[in-house]
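**Student:** Structure file structure_25.cif (mmCIF, C-alpha atoms and all ligand atoms) is given on the next line.
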```cif
data_entry
#
loop_
_atom_site.label_atom_id
_atom_site.label_comp_id
_atom_site.auth_asym_id
_atom_site.auth_seq_id
_atom_site.Cartn_x
_atom_site.Cartn_y
_atom_site.Cartn_z
CA MET A 19 30.31 13.48 22.29
CA SER A 20 27.11 15.49 21.70
CA GLU A 21 23.76 14.35 23.06
CA LYS A 22 22.19 11.40 21.23
CA GLU A 23 19.52 12.45 18.79
CA THR A 24 16.23 10.59 18.27
CA ILE A 25 14.36 10.78 14.99
CA ILE A 26 10.68 10.04 15.50
CA VAL A 27 8.64 8.26 12.87
CA ILE A 28 4.90 8.54 13.51
CA GLY A 29 3.03 5.47 12.29
CA ALA A 30 3.57 1.73 12.10
CA GLY A 31 1.65 1.14 8.90
CA VAL A 32 3.37 0.06 5.72
CA ILE A 33 4.53 3.63 5.04
CA GLY A 34 5.98 4.40 8.49
CA LEU A 35 7.69 1.01 8.72
CA SER A 36 9.10 1.17 5.16
CA THR A 37 10.35 4.70 5.79
CA ALA A 38 11.98 3.75 9.09
CA VAL A 39 13.72 0.72 7.55
CA CYS A 40 14.80 2.76 4.52
CA LEU A 41 16.22 5.52 6.75
CA GLN A 42 18.21 3.29 9.12
CA PRO A 43 21.34 2.92 6.92
CA HIS A 44 21.62 6.72 6.70
CA LEU A 45 21.79 7.46 10.43
CA SER A 46 24.92 8.75 12.12
CA PRO A 47 26.18 6.67 15.09
CA ASN A 48 24.70 9.42 17.23
CA GLN A 49 21.16 9.06 15.87
CA SER A 50 18.44 6.47 16.40
CA ILE A 51 14.84 6.06 15.29
CA LEU A 52 11.82 5.71 17.56
CA ILE A 53 8.54 4.71 15.90
CA VAL A 54 5.57 6.14 17.78
CA ALA A 55 2.17 4.75 16.85
CA ARG A 56 -1.31 4.02 18.10
CA ASP A 57 -1.70 0.83 16.04
CA TRP A 58 0.85 -1.90 15.41
CA PRO A 59 1.29 -5.01 13.28
CA GLY A 60 -0.68 -7.82 14.91
CA THR A 61 -3.56 -5.52 15.89
CA LEU A 62 -6.68 -4.60 13.95
CA ASN A 63 -8.45 -1.26 13.90
CA LEU A 64 -10.74 0.19 11.27
CA ASN A 65 -8.58 3.32 11.16
CA TYR A 66 -5.35 1.35 10.65
CA ALA A 67 -5.41 0.73 6.91
CA SER A 68 -2.39 -1.50 6.42
CA PRO A 69 -3.67 -4.91 7.64
CA TRP A 70 -6.79 -4.68 5.47
CA ALA A 71 -5.21 -4.21 2.06
CA GLY A 72 -5.35 -6.72 -0.84
CA ALA A 73 -2.57 -6.29 -1.80
CA HIS A 74 -1.04 -6.73 -5.21
CA TYR A 75 1.14 -4.71 -7.51
CA ARG A 76 -0.80 -3.32 -10.47
CA PRO A 77 0.01 -0.35 -12.71
CA VAL A 78 -2.57 2.43 -12.71
CA PRO A 79 -2.46 4.38 -15.99
CA GLY A 80 -3.27 8.08 -15.75
CA SER A 81 -2.33 11.45 -17.18
CA THR A 82 -2.15 13.56 -14.01
CA ALA A 83 1.00 14.69 -12.20
CA GLN A 84 -0.07 12.41 -9.34
CA ALA A 85 -0.25 9.41 -11.69
CA ALA A 86 3.24 10.19 -13.03
CA SER A 87 4.81 10.49 -9.59
CA GLU A 88 3.06 7.35 -8.30
CA GLU A 89 4.29 5.48 -11.37
CA GLN A 90 7.88 6.38 -10.47
CA GLN A 91 7.32 5.28 -6.87
CA ALA A 92 5.64 2.08 -8.05
CA ARG A 93 8.53 1.15 -10.36
CA ARG A 94 11.02 1.40 -7.51
CA THR A 95 8.70 -0.63 -5.29
CA TYR A 96 8.46 -3.30 -7.98
CA GLN A 97 12.25 -3.74 -7.88
CA HIS A 98 12.19 -3.75 -4.09
CA PHE A 99 9.43 -6.39 -3.99
CA LYS A 100 11.48 -8.50 -6.40
CA ALA A 101 14.27 -8.62 -3.81
CA GLN A 102 11.92 -9.09 -0.83
CA ALA A 103 10.11 -11.99 -2.54
CA LYS A 104 13.36 -13.97 -2.26
CA ILE A 105 13.27 -13.70 1.55
CA PRO A 106 11.28 -16.55 3.13
CA GLY A 107 8.54 -15.27 5.39
CA SER A 108 8.53 -11.70 4.08
CA GLY A 109 4.93 -12.14 2.96
CA ILE A 110 5.73 -11.12 -0.62
CA GLU A 111 5.48 -13.59 -3.47
CA GLY A 112 5.90 -13.36 -7.23
CA THR A 113 2.88 -14.37 -9.30
CA GLU A 114 1.22 -13.75 -12.63
CA GLY A 115 -0.83 -10.57 -12.99
CA ILE A 116 -3.73 -10.56 -15.44
CA GLU A 117 -6.00 -7.65 -16.32
CA HIS A 118 -9.21 -8.05 -18.30
CA LEU A 119 -11.16 -4.89 -19.18
CA GLU A 120 -14.52 -4.86 -20.89
CA SER A 121 -14.84 -1.13 -21.39
CA PRO A 122 -11.38 0.42 -20.89
CA PRO A 123 -11.29 4.04 -19.68
CA ALA A 124 -9.54 6.62 -21.89
CA ASP A 125 -6.28 6.37 -19.91
CA TYR A 126 -5.96 2.72 -20.96
CA LEU A 127 -6.45 3.58 -24.64
CA ALA A 128 -3.72 6.25 -24.83
CA THR A 129 -1.17 5.32 -27.50
CA ASP A 130 1.73 5.42 -25.03
CA VAL A 131 -0.01 3.57 -22.18
CA PHE A 132 2.12 0.43 -22.48
CA ASP A 133 5.45 2.29 -22.72
CA LYS A 134 4.58 4.51 -19.78
CA PHE A 135 3.02 1.99 -17.42
CA TYR A 136 3.62 -1.62 -18.45
CA THR A 137 6.64 -2.50 -20.58
CA HIS A 138 9.07 -2.28 -17.64
CA LEU A 139 7.26 -5.19 -15.98
CA ASP A 140 8.89 -8.59 -16.44
CA GLY A 141 6.98 -10.88 -18.77
CA PHE A 142 4.68 -8.09 -19.96
CA ARG A 143 2.50 -9.03 -22.91
CA LYS A 144 -0.68 -7.64 -24.41
CA LEU A 145 -3.23 -10.45 -24.67
CA SER A 146 -4.65 -11.36 -28.05
CA ALA A 147 -8.40 -11.57 -28.62
CA LEU A 148 -8.13 -15.37 -28.63
CA GLU A 149 -6.62 -15.37 -25.13
CA MET A 150 -9.34 -13.20 -23.57
CA PRO A 151 -12.82 -14.18 -22.42
CA LYS A 152 -15.86 -13.03 -24.35
CA ASP A 153 -16.74 -9.35 -23.71
CA VAL A 154 -13.16 -8.47 -22.73
CA THR A 155 -11.66 -5.97 -25.18
CA TRP A 156 -8.37 -5.09 -23.45
CA GLY A 157 -6.08 -7.46 -21.63
CA VAL A 158 -2.49 -7.79 -20.44
CA ARG A 159 -0.37 -10.17 -18.44
CA TYR A 160 2.88 -9.54 -16.56
CA ASP A 161 4.91 -10.87 -13.66
CA THR A 162 3.79 -9.22 -10.46
CA PHE A 163 3.87 -9.50 -6.68
CA CYS A 164 1.24 -10.22 -4.06
CA VAL A 165 1.59 -9.16 -0.46
CA ASN A 166 0.16 -10.77 2.66
CA PRO A 167 -0.22 -7.40 4.47
CA PRO A 168 -0.28 -8.55 8.14
CA VAL A 169 2.78 -10.75 7.50
CA TYR A 170 4.69 -8.10 5.54
CA ILE A 171 4.23 -5.30 8.10
CA ALA A 172 5.24 -7.67 10.92
CA TYR A 173 8.34 -8.54 8.88
CA LEU A 174 9.19 -4.84 8.38
CA LEU A 175 8.79 -4.20 12.11
CA ARG A 176 11.08 -7.15 12.91
CA ARG A 177 13.72 -5.85 10.49
CA PHE A 178 13.50 -2.39 12.04
CA ILE A 179 13.94 -3.72 15.60
CA LEU A 180 16.79 -6.06 14.63
CA LYS A 181 18.65 -3.04 13.23
CA GLY A 182 18.34 -1.24 16.56
CA GLY A 183 15.02 0.58 16.08
CA GLN A 184 12.92 1.54 19.12
CA THR A 185 9.13 1.56 19.44
CA LYS A 186 6.55 3.30 21.61
CA GLU A 187 2.80 2.79 21.66
CA TYR A 188 1.24 6.21 22.04
CA THR A 189 -1.62 8.26 20.59
CA LEU A 190 -0.52 11.73 19.59
CA ALA A 191 -2.77 14.77 19.57
CA SER A 192 -0.54 16.46 16.99
CA PRO A 193 2.80 15.76 15.28
CA GLN A 194 4.37 18.57 17.32
CA GLU A 195 3.75 16.51 20.47
CA ALA A 196 6.21 13.93 19.14
CA PHE A 197 9.13 16.32 19.73
CA TYR A 198 8.65 15.77 23.47
CA LEU A 199 8.61 11.95 23.48
CA ALA A 200 12.39 11.43 23.58
CA PRO A 201 15.44 13.50 24.37
CA ASN A 202 16.82 15.75 21.64
CA VAL A 203 14.26 15.30 18.87
CA LYS A 204 14.86 17.57 15.89
CA THR A 205 13.13 15.54 13.19
CA VAL A 206 9.64 14.03 13.17
CA ILE A 207 8.50 12.01 10.17
CA ASN A 208 4.74 11.98 9.87
CA CYS A 209 3.52 8.72 8.34
CA SER A 210 0.16 8.79 10.08
CA GLY A 211 -1.94 7.70 7.10
CA VAL A 212 -4.66 10.33 7.25
CA GLY A 213 -2.46 13.13 8.57
CA PHE A 214 -3.47 15.31 11.49
CA LYS A 215 -6.53 17.40 10.60
CA ASP A 216 -5.14 18.02 7.10
CA PRO A 217 -8.15 19.50 5.26
CA LYS A 218 -7.03 17.72 2.08
CA SER A 219 -7.14 14.30 3.74
CA TYR A 220 -10.15 12.03 3.43
CA ILE A 221 -10.92 8.33 3.62
CA ILE A 222 -12.02 5.90 0.94
CA ARG A 223 -14.02 3.05 2.43
CA GLY A 224 -13.33 -0.39 1.04
CA GLN A 225 -15.27 -3.61 1.55
CA THR A 226 -13.67 -6.85 0.37
CA CYS A 227 -14.07 -10.51 1.22
CA LEU A 228 -11.36 -12.97 2.22
CA VAL A 229 -12.06 -16.48 0.93
CA ARG A 230 -10.26 -19.81 1.31
CA ASN A 231 -10.37 -20.59 -2.39
CA PRO A 232 -6.87 -20.56 -3.87
CA CYS A 233 -6.16 -18.47 -6.95
CA PRO A 234 -3.05 -19.10 -9.10
CA ASN A 235 -2.64 -15.45 -10.17
CA THR A 236 -4.02 -11.98 -9.51
CA LEU A 237 -6.91 -11.11 -11.75
CA THR A 238 -8.29 -7.62 -12.21
CA ARG A 239 -11.55 -7.39 -14.08
CA GLN A 240 -13.27 -4.25 -15.21
CA ASN A 241 -16.92 -4.93 -15.86
CA SER A 242 -19.00 -3.36 -18.63
CA ASP A 243 -20.73 -1.01 -16.13
CA GLY A 244 -17.30 0.46 -15.28
CA SER A 245 -17.06 -1.29 -11.88
CA TRP A 246 -13.93 -3.24 -11.02
CA SER A 247 -13.52 -6.67 -9.42
CA PHE A 248 -10.32 -8.35 -8.42
CA ALA A 249 -8.90 -11.53 -6.92
CA VAL A 250 -5.63 -11.25 -5.03
CA PRO A 251 -4.08 -14.38 -3.53
CA ARG A 252 -2.39 -13.74 -0.18
CA PRO A 253 0.99 -15.50 0.11
CA LEU A 254 1.70 -18.12 2.79
CA GLU A 255 -1.74 -19.68 2.50
CA GLY A 256 -3.45 -16.44 3.53
CA GLY A 257 -6.51 -17.05 1.35
CA THR A 258 -7.65 -14.86 -1.55
CA ILE A 259 -9.07 -11.36 -1.37
CA ILE A 260 -12.11 -10.75 -3.55
CA GLY A 261 -12.78 -7.08 -4.00
CA GLY A 262 -13.87 -4.52 -3.77
CA THR A 263 -15.59 -1.22 -3.21
CA LYS A 264 -14.09 2.28 -3.25
CA GLN A 265 -16.35 4.73 -1.42
CA PRO A 266 -14.82 8.16 -0.79
CA HIS A 267 -15.91 9.92 2.44
CA ASP A 268 -17.99 6.91 3.54
CA TRP A 269 -17.51 6.35 7.28
CA ASP A 270 -19.85 3.35 7.59
CA PRO A 271 -17.96 0.79 9.71
CA ARG A 272 -20.47 -2.04 9.12
CA VAL A 273 -20.09 -5.01 6.83
CA HIS A 274 -22.91 -5.14 4.29
CA LEU A 275 -23.85 -8.68 3.36
CA GLU A 276 -25.53 -7.56 0.15
CA VAL A 277 -22.19 -6.01 -0.89
CA ARG A 278 -20.42 -9.29 -0.11
CA GLU A 279 -22.97 -11.16 -2.22
CA LYS A 280 -22.52 -8.74 -5.14
CA LEU A 281 -18.71 -8.97 -4.98
CA LEU A 282 -18.78 -12.76 -4.92
CA ARG A 283 -21.47 -12.95 -7.63
CA GLU A 284 -19.39 -10.76 -9.99
CA ALA A 285 -16.18 -12.65 -9.23
CA ALA A 286 -17.84 -16.05 -9.69
CA LYS A 287 -18.24 -15.16 -13.39
CA TRP A 288 -14.50 -15.35 -13.96
CA PHE A 289 -12.86 -16.88 -10.86
CA PRO A 290 -10.79 -20.01 -11.61
CA PHE A 291 -12.60 -22.32 -9.17
CA THR A 292 -10.98 -25.67 -8.41
CA PRO A 293 -13.20 -28.72 -9.11
CA GLU A 294 -13.53 -29.47 -5.35
CA SER A 295 -15.02 -26.03 -4.67
CA GLY A 296 -18.16 -26.84 -6.64
CA GLY A 297 -17.99 -23.33 -8.06
CA LYS A 298 -18.61 -21.79 -4.63
CA PHE A 299 -16.63 -19.37 -2.50
CA ASP A 300 -15.67 -20.44 1.02
CA VAL A 301 -15.76 -17.21 3.03
CA ILE A 302 -13.23 -16.65 5.84
CA ARG A 303 -14.29 -13.11 6.71
CA ASP A 304 -15.56 -9.81 5.40
CA ILE A 305 -13.24 -6.82 5.48
CA VAL A 306 -14.05 -3.16 5.88
CA GLY A 307 -11.17 -0.70 5.85
CA ARG A 308 -10.46 2.98 5.27
CA ARG A 309 -7.87 3.96 2.70
CA PRO A 310 -6.07 7.14 3.82
CA ALA A 311 -6.43 9.41 0.79
CA ARG A 312 -5.46 12.97 0.09
CA GLU A 313 -6.51 15.42 -2.63
CA GLY A 314 -3.60 15.74 -5.05
CA GLY A 315 -1.97 12.55 -3.76
CA THR A 316 0.53 11.62 -1.09
CA ARG A 317 2.00 14.52 0.87
CA ILE A 318 5.78 14.31 0.76
CA GLU A 319 7.02 17.58 2.12
CA ALA A 320 9.41 19.02 4.69
CA GLU A 321 7.94 21.58 7.08
CA LYS A 322 10.45 23.72 8.96
CA LEU A 323 9.12 24.74 12.36
CA GLY A 324 12.01 26.96 13.42
CA ASP A 325 14.11 26.26 16.48
CA GLY A 326 15.98 23.61 14.42
CA LYS A 327 12.87 21.40 14.25
CA THR A 328 11.50 19.82 11.08
CA ILE A 329 8.48 17.66 10.30
CA VAL A 330 8.81 15.59 7.15
CA HIS A 331 5.43 14.40 5.93
CA GLY A 332 4.71 11.14 4.14
CA TYR A 333 1.03 10.25 4.19
CA GLY A 334 -2.10 9.93 2.07
CA THR A 335 -1.30 6.97 -0.21
CA ALA A 336 -4.99 6.04 -0.64
CA GLY A 337 -5.48 2.66 -2.35
CA ARG A 338 -1.87 2.16 -3.42
CA GLY A 339 0.05 2.21 -0.14
CA TYR A 340 1.74 -1.14 -0.74
CA GLU A 341 2.37 -0.73 -4.44
CA ILE A 342 4.16 2.58 -3.97
CA SER A 343 5.45 1.95 -0.42
CA TRP A 344 9.17 1.69 -1.08
CA GLY A 345 9.15 4.57 -3.59
CA VAL A 346 7.36 6.79 -1.05
CA ALA A 347 9.82 5.73 1.66
CA GLU A 348 12.77 6.59 -0.61
CA ASP A 349 11.26 9.97 -1.46
CA VAL A 350 10.71 10.78 2.23
CA VAL A 351 14.26 9.69 3.06
CA ALA A 352 15.58 11.83 0.17
CA LEU A 353 13.87 14.83 1.80
CA VAL A 354 15.36 13.97 5.18
CA ARG A 355 18.81 13.76 3.60
CA GLY A 356 18.28 16.82 1.37
CA ASN A 357 17.45 18.89 4.44
CA GLY A 358 20.63 17.80 6.17
CA LEU A 359 18.75 15.91 8.92
CA VAL A 360 21.06 12.90 8.64
CA PRO A 361 24.72 12.99 7.60
CA GLU A 362 25.46 13.18 3.89
CA ARG A 363 27.49 9.95 3.92
CA ALA A 364 26.00 6.69 5.11
CA SER A 365 27.57 5.40 8.32
CA LEU A 366 26.45 1.77 7.81
C1 LIG B 1 -9.92 -2.60 1.72
C2 LIG B 1 -8.59 -2.06 1.32
C3 LIG B 1 -7.91 -2.61 0.23
C4 LIG B 1 -6.65 -2.11 -0.14
N1 LIG B 1 -5.99 -2.70 -1.19
C5 LIG B 1 -4.74 -2.26 -1.53
C6 LIG B 1 -4.01 -2.87 -2.60
O1 LIG B 1 -4.45 -3.83 -3.23
N2 LIG B 1 -2.79 -2.38 -2.90
C7 LIG B 1 -2.25 -1.34 -2.19
O2 LIG B 1 -1.12 -0.95 -2.50
N3 LIG B 1 -2.92 -0.74 -1.19
C8 LIG B 1 -4.16 -1.16 -0.86
N4 LIG B 1 -4.85 -0.54 0.14
C9 LIG B 1 -4.34 0.72 0.68
C10 LIG B 1 -3.28 0.53 1.75
O3 LIG B 1 -3.76 -0.33 2.75
C11 LIG B 1 -2.94 1.91 2.34
O4 LIG B 1 -2.59 2.81 1.32
C12 LIG B 1 -1.77 1.79 3.31
O5 LIG B 1 -1.99 0.76 4.23
C13 LIG B 1 -1.54 3.11 4.05
O6 LIG B 1 -0.49 2.90 4.95
P1 LIG B 1 -0.10 3.99 6.01
O7 LIG B 1 1.06 3.47 6.73
O8 LIG B 1 0.01 5.33 5.33
O9 LIG B 1 -1.39 4.14 6.95
P2 LIG B 1 -1.94 3.17 8.10
O10 LIG B 1 -1.75 1.75 7.76
O11 LIG B 1 -3.33 3.62 8.39
O12 LIG B 1 -1.00 3.47 9.32
C14 LIG B 1 -1.04 4.70 9.98
C15 LIG B 1 -0.21 4.61 11.24
O13 LIG B 1 -0.22 5.88 11.89
C16 LIG B 1 -0.63 5.71 13.23
N5 LIG B 1 -1.34 6.90 13.71
C17 LIG B 1 -2.33 7.59 13.07
N6 LIG B 1 -2.73 8.60 13.85
C18 LIG B 1 -1.99 8.54 14.99
C19 LIG B 1 -1.94 9.32 16.18
N7 LIG B 1 -2.74 10.36 16.37
N8 LIG B 1 -1.04 8.97 17.15
C20 LIG B 1 -0.21 7.91 16.98
N9 LIG B 1 -0.23 7.15 15.88
C21 LIG B 1 -1.10 7.46 14.90
C22 LIG B 1 -1.56 4.50 13.20
O14 LIG B 1 -1.73 3.96 14.48
C23 LIG B 1 -0.78 3.60 12.26
O15 LIG B 1 0.26 2.95 12.96
C24 LIG B 1 -6.09 -1.03 0.57
C25 LIG B 1 -6.75 -0.51 1.68
C26 LIG B 1 -7.99 -1.01 2.05
C27 LIG B 1 -8.66 -0.42 3.26
#
```
Output the file's structure as structure tokens, nothing else.
**Tutor:**
Amino acid sequence: MSEKETIIVIGAGVIGLSTAVCLQPHLSPNQSILIVARDWPGTLNLNYASPWAGAHYRPVPGSTAQAASEEQQARRTYQHFKAQAKIPGSGIEGTEGIEHLESPPADYLATDVFDKFYTHLDGFRKLSALEMPKDVTWGVRYDTFCVNPPVYIAYLLRRFILKGGQTKEYTLASPQEAFYLAPNVKTVINCSGVGFKDPKSYIIRGQTCLVRNPCPNTLTRQNSDGSWSFAVPRPLEGGTIIGGTKQPHDWDPRVHLEVREKLLREAAKWFPFTPESGGKFDVIRDIVGRRPAREGGTRIEAEKLGDGKTIVHGYGTAGRGYEISWGVAEDVVALVRGNGLVPERASL
């Protein structure tokens, strides 16, 4: 029998873990996966985006090639979340999604916006004027999914390990270094979030606030000044995320209390407070995180290095890493398979 081959996945965020789990059924008996990462579920680091996310599933209308490809990835993730929501403890839960826009951008007013981005969602319905608050001119409801990010990534890691996956805590200087971390490595899958010195990569700072107040649905509100607010309940009594800012290239690691106050003030205008709350938010903690973005969108690409070595890239999901996670993982795995890096037939 030939020497065992190790496929390395760099990154234990939602993208690396989803990709590793998605790839496992396609391995030959002679192959195994080793995830190599600096940060892991259960730990917190400003540069580890996954634990900080909202996160809920919400369509993002757009007319660019990036919007079209993310929409395809999002649709597949929606179906995947539907299955995962049935698994107790996965951290994914079905809920109602509501969007209220006061001044909808052009992409929301396109004649085909519903067919392209919404009608595939279970329970989708455009809201009538009578169902929407004053000042809201565009509104929809649909069945969606909320994710408790720390719980979901821990669940993915557990699934990966139970299926025979290996892990190694290590900080890499470059993806090429990963070829030396196990015997016979021919394939490295780079799910490092921000990539390694990719000039197209950048971060988008986000500040949100986690509150104890329960919320029965996710609510996305676009305000008349064009800013967006949202409330995302975290399954398994994880509180509710009130968000949020999107600040490209902003490296400020500090929490700004005036930003918290503004977020909570805006949200208080529409948040469905319970009578016991007295109309006040009960803050658990402030969150500052860095979304790993990339000009032109996620990099999903195979890079042949020669010498039989290949790096398959899957990083740069910006603010939609959860919503498109399974679609991105499937696209990365399709590249791995298309390049003959795992056998054509599943070994299962
Ligand atoms: C405030 C906030 C709110 C968000 N809200 C949402 C939302 O509502 N919906 C949604 O879908 N998404 C949301 N996101 C975005 C989402 O969190 C990200 O898109 C997603 O987590 C990216 O996952 P990732 O695995 O690519 O990167 P990460 O989670 O950053 O993981 C990267 C992994 O690579 C490892 N790594 C990096 N460099 C090295 C190295 N040199 N050596 C070894 N390992 C390395 C890290 O240690 C880590 O394990 C939000 C993000 C933030 C910050």
**Student:** What does the distance between atom C17 of ligand LIG 1 (chain B) and atom CA of A:Glu313 come to in Å, to one decimal place?
**Tutor:**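 If I compute the distance from atom C17 of ligand LIG 1 (chain B) to atom CA of A:Glu313, I get 18.0 Å.
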**Student:** Let me make sure I understand: among A:Ala85, A:Val360, A:Leu282, A:Ala196, which one has the smallest atom-to-atom distance to A:Asp125 if we use all atoms listed in the file?
**Tutor:**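 Of A:Ala85, A:Val360, A:Leu282, A:Ala196, the one nearest A:Asp125 is A:Ala85, counting all atoms listed in the file.
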**Student:** Nearest residue to ligand LIG 1 (chain B) out of A:Val131, A:Ala286, A:Ala311, A:Leu237, using only C-alpha atoms and all ligand atoms?
**Tutor:**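 Of A:Val131, A:Ala286, A:Ala311, A:Leu237, the one nearest ligand LIG 1 (chain B) is A:Ala311, counting only C-alpha atoms and all ligand atoms.
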**Student:** Taking all atoms listed in the file into account, which of A:Asp216, A:Glu276, A:Asp349, A:Asp243 comes nearest A:Gln91?
**Tutor:**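 Among the listed residues, A:Asp349 lies closest to A:Gln91.
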**Student:** Using only C-alpha atoms, can you tell me which of A:Val54, A:Leu64, A:Val39, A:Ala83 comes closest to A:Ile222?
**Tutor:** A:Leu64
**Student:** Between A:Thr292, A:Ser210, A:Ser121, A:Thr185, which has the minimum distance to A:Ile33 (counting all atoms listed in the file)?
**Tutor:**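 Looking only at the distances to A:Ile33, the closest residue turns out to be A:Ser210.
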**Student:** Between A:Gly314, A:Gly261, A:Gly256, A:Gly157, which has the minimum distance to ligand LIG 1 (chain B) (counting only C-alpha atoms and all ligand atoms)?
**Tutor:**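 Smallest separation from ligand LIG 1 (chain B) among the options: A:Gly261.
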**Student:** Would you be able to write out as a PyMOL selection string which residues have an atom within 12 Å of (-24.6, -6.0, -9.8) in the file's coordinates, counting only C-alpha atoms?
**Tutor:** chain A and resi 241-247+276-285+287
**Student:** Quote the spacing between atom CA of A:Ala92 and atom CA of A:Leu41 in Å to one decimal place.
**Tutor:**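 Result for atom CA of A:Ala92 versus atom CA of A:Leu41: 18.5 Å, one decimal.
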**Student:** Using all atoms listed in the file, which protein or nucleic acid residues come within 12 Å of A:Pro217? Drop anything in the same chain fewer than 2 positions from it, and give the result as an mmCIF file with C-alpha atoms, in the coordinates of the input.
**Tutor:**
```
data_model
loop_
_atom_site.group_PDB
_atom_site.id
_atom_site.type_symbol
_atom_site.label_atom_id
_atom_site.label_comp_id
_atom_site.auth_asym_id
_atom_site.auth_seq_id
_atom_site.Cartn_x
_atom_site.Cartn_y
_atom_site.Cartn_z
ATOM 1 C CA VAL A 212 -4.660 10.330 7.250
ATOM 2 C CA GLY A 213 -2.460 13.130 8.570
ATOM 3 C CA PHE A 214 -3.470 15.310 11.490
ATOM 4 C CA LYS A 215 -6.530 17.400 10.600
ATOM 5 C CA SER A 219 -7.140 14.300 3.740
ATOM 6 C CA TYR A 220 -10.150 12.030 3.430
ATOM 7 C CA ILE A 221 -10.920 8.330 3.620
ATOM 8 C CA ALA A 311 -6.430 9.410 0.790
ATOM 9 C CA ARG A 312 -5.460 12.970 0.090
ATOM 10 C CA GLU A 313 -6.510 15.420 -2.630
ATOM 11 C CA GLY A 314 -3.600 15.740 -5.050
ATOM 12 C CA GLY A 334 -2.100 9.930 2.070
#
```
**Student:** Which polymer residues have any atom within 6 Å of an atom of A:Thr226, counting all atoms listed in the file, with same-chain residues fewer than 5 positions away left out, as a tab-separated table (two decimals) with C-alpha atoms, keeping the file's coordinate frame?
**Tutor:**
```tsv
chain	number	residue	atom	x	y	z
A	260	ILE	CA	-12.11	-10.75	-3.55
A	261	GLY	CA	-12.78	-7.08	-4.00
A	262	GLY	CA	-13.87	-4.52	-3.77
A	305	ILE	CA	-13.24	-6.82	5.48
```
**Student:** Extract, using all atoms listed in the file, all DNA, RNA and protein residues at most 9 Å from A:Phe197, discarding same-chain residues fewer than 3 positions from it, and format them as a list in words.
**Tutor:**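 In the requested format, the answer is Ile25, Ile26, Pro193, Gln194, Ala200, Pro201, Asn202, Val203, Lys204, Thr205, Val206 and Lys327 of chain A.
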**Student:** Please give the centre and size of the box around ligand LIG 1 (chain B) (axis-aligned, containing every atom listed in the file, 3 Å added per side), with values in Å to one decimal and written as JSON.
**Tutor:**
```
{"center_x": -4.4, "center_y": 3.3, "center_z": 7.0, "size_x": 17.0, "size_y": 20.2, "size_z": 26.4}
```
**Student:** Please list as a list in words every residue within 7 Å of stretch 72-80 of chain A, counting all atoms listed in the file and excluding residues in the same chain fewer than 5 positions away.
**Tutor:**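 Final neighbour list, sorted by chain and number: Ala85, Asp125, Tyr126, Val131, Phe135, Tyr136, Thr162, Phe163, Cys164, Val165, Asn166, Pro167, Val250, Ile259, Tyr340 and Glu341 of chain A.
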**Student:** To one decimal place, how far is atom CA of A:Gly356 from atom CA of A:Leu175 in Å?
**Tutor:**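 Rounded to one decimal, the two atoms are 25.4 Å apart.
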**Student:** Can you pull out the residues contacting A:Arg317? Cut-off 7 Å, using all atoms listed in the file, and skip same-chain residues under 5 positions away; I want them as number ranges by chain.
**Tutor:** A: 331-334
**Student:** Got a sec to check which residues sit within 8 Å of (-8.0, -13.2, -2.4), counting all atoms listed in the file, and write them as a ChimeraX atom specification?
**Tutor:** /A:72,227-233,249-252,257-261
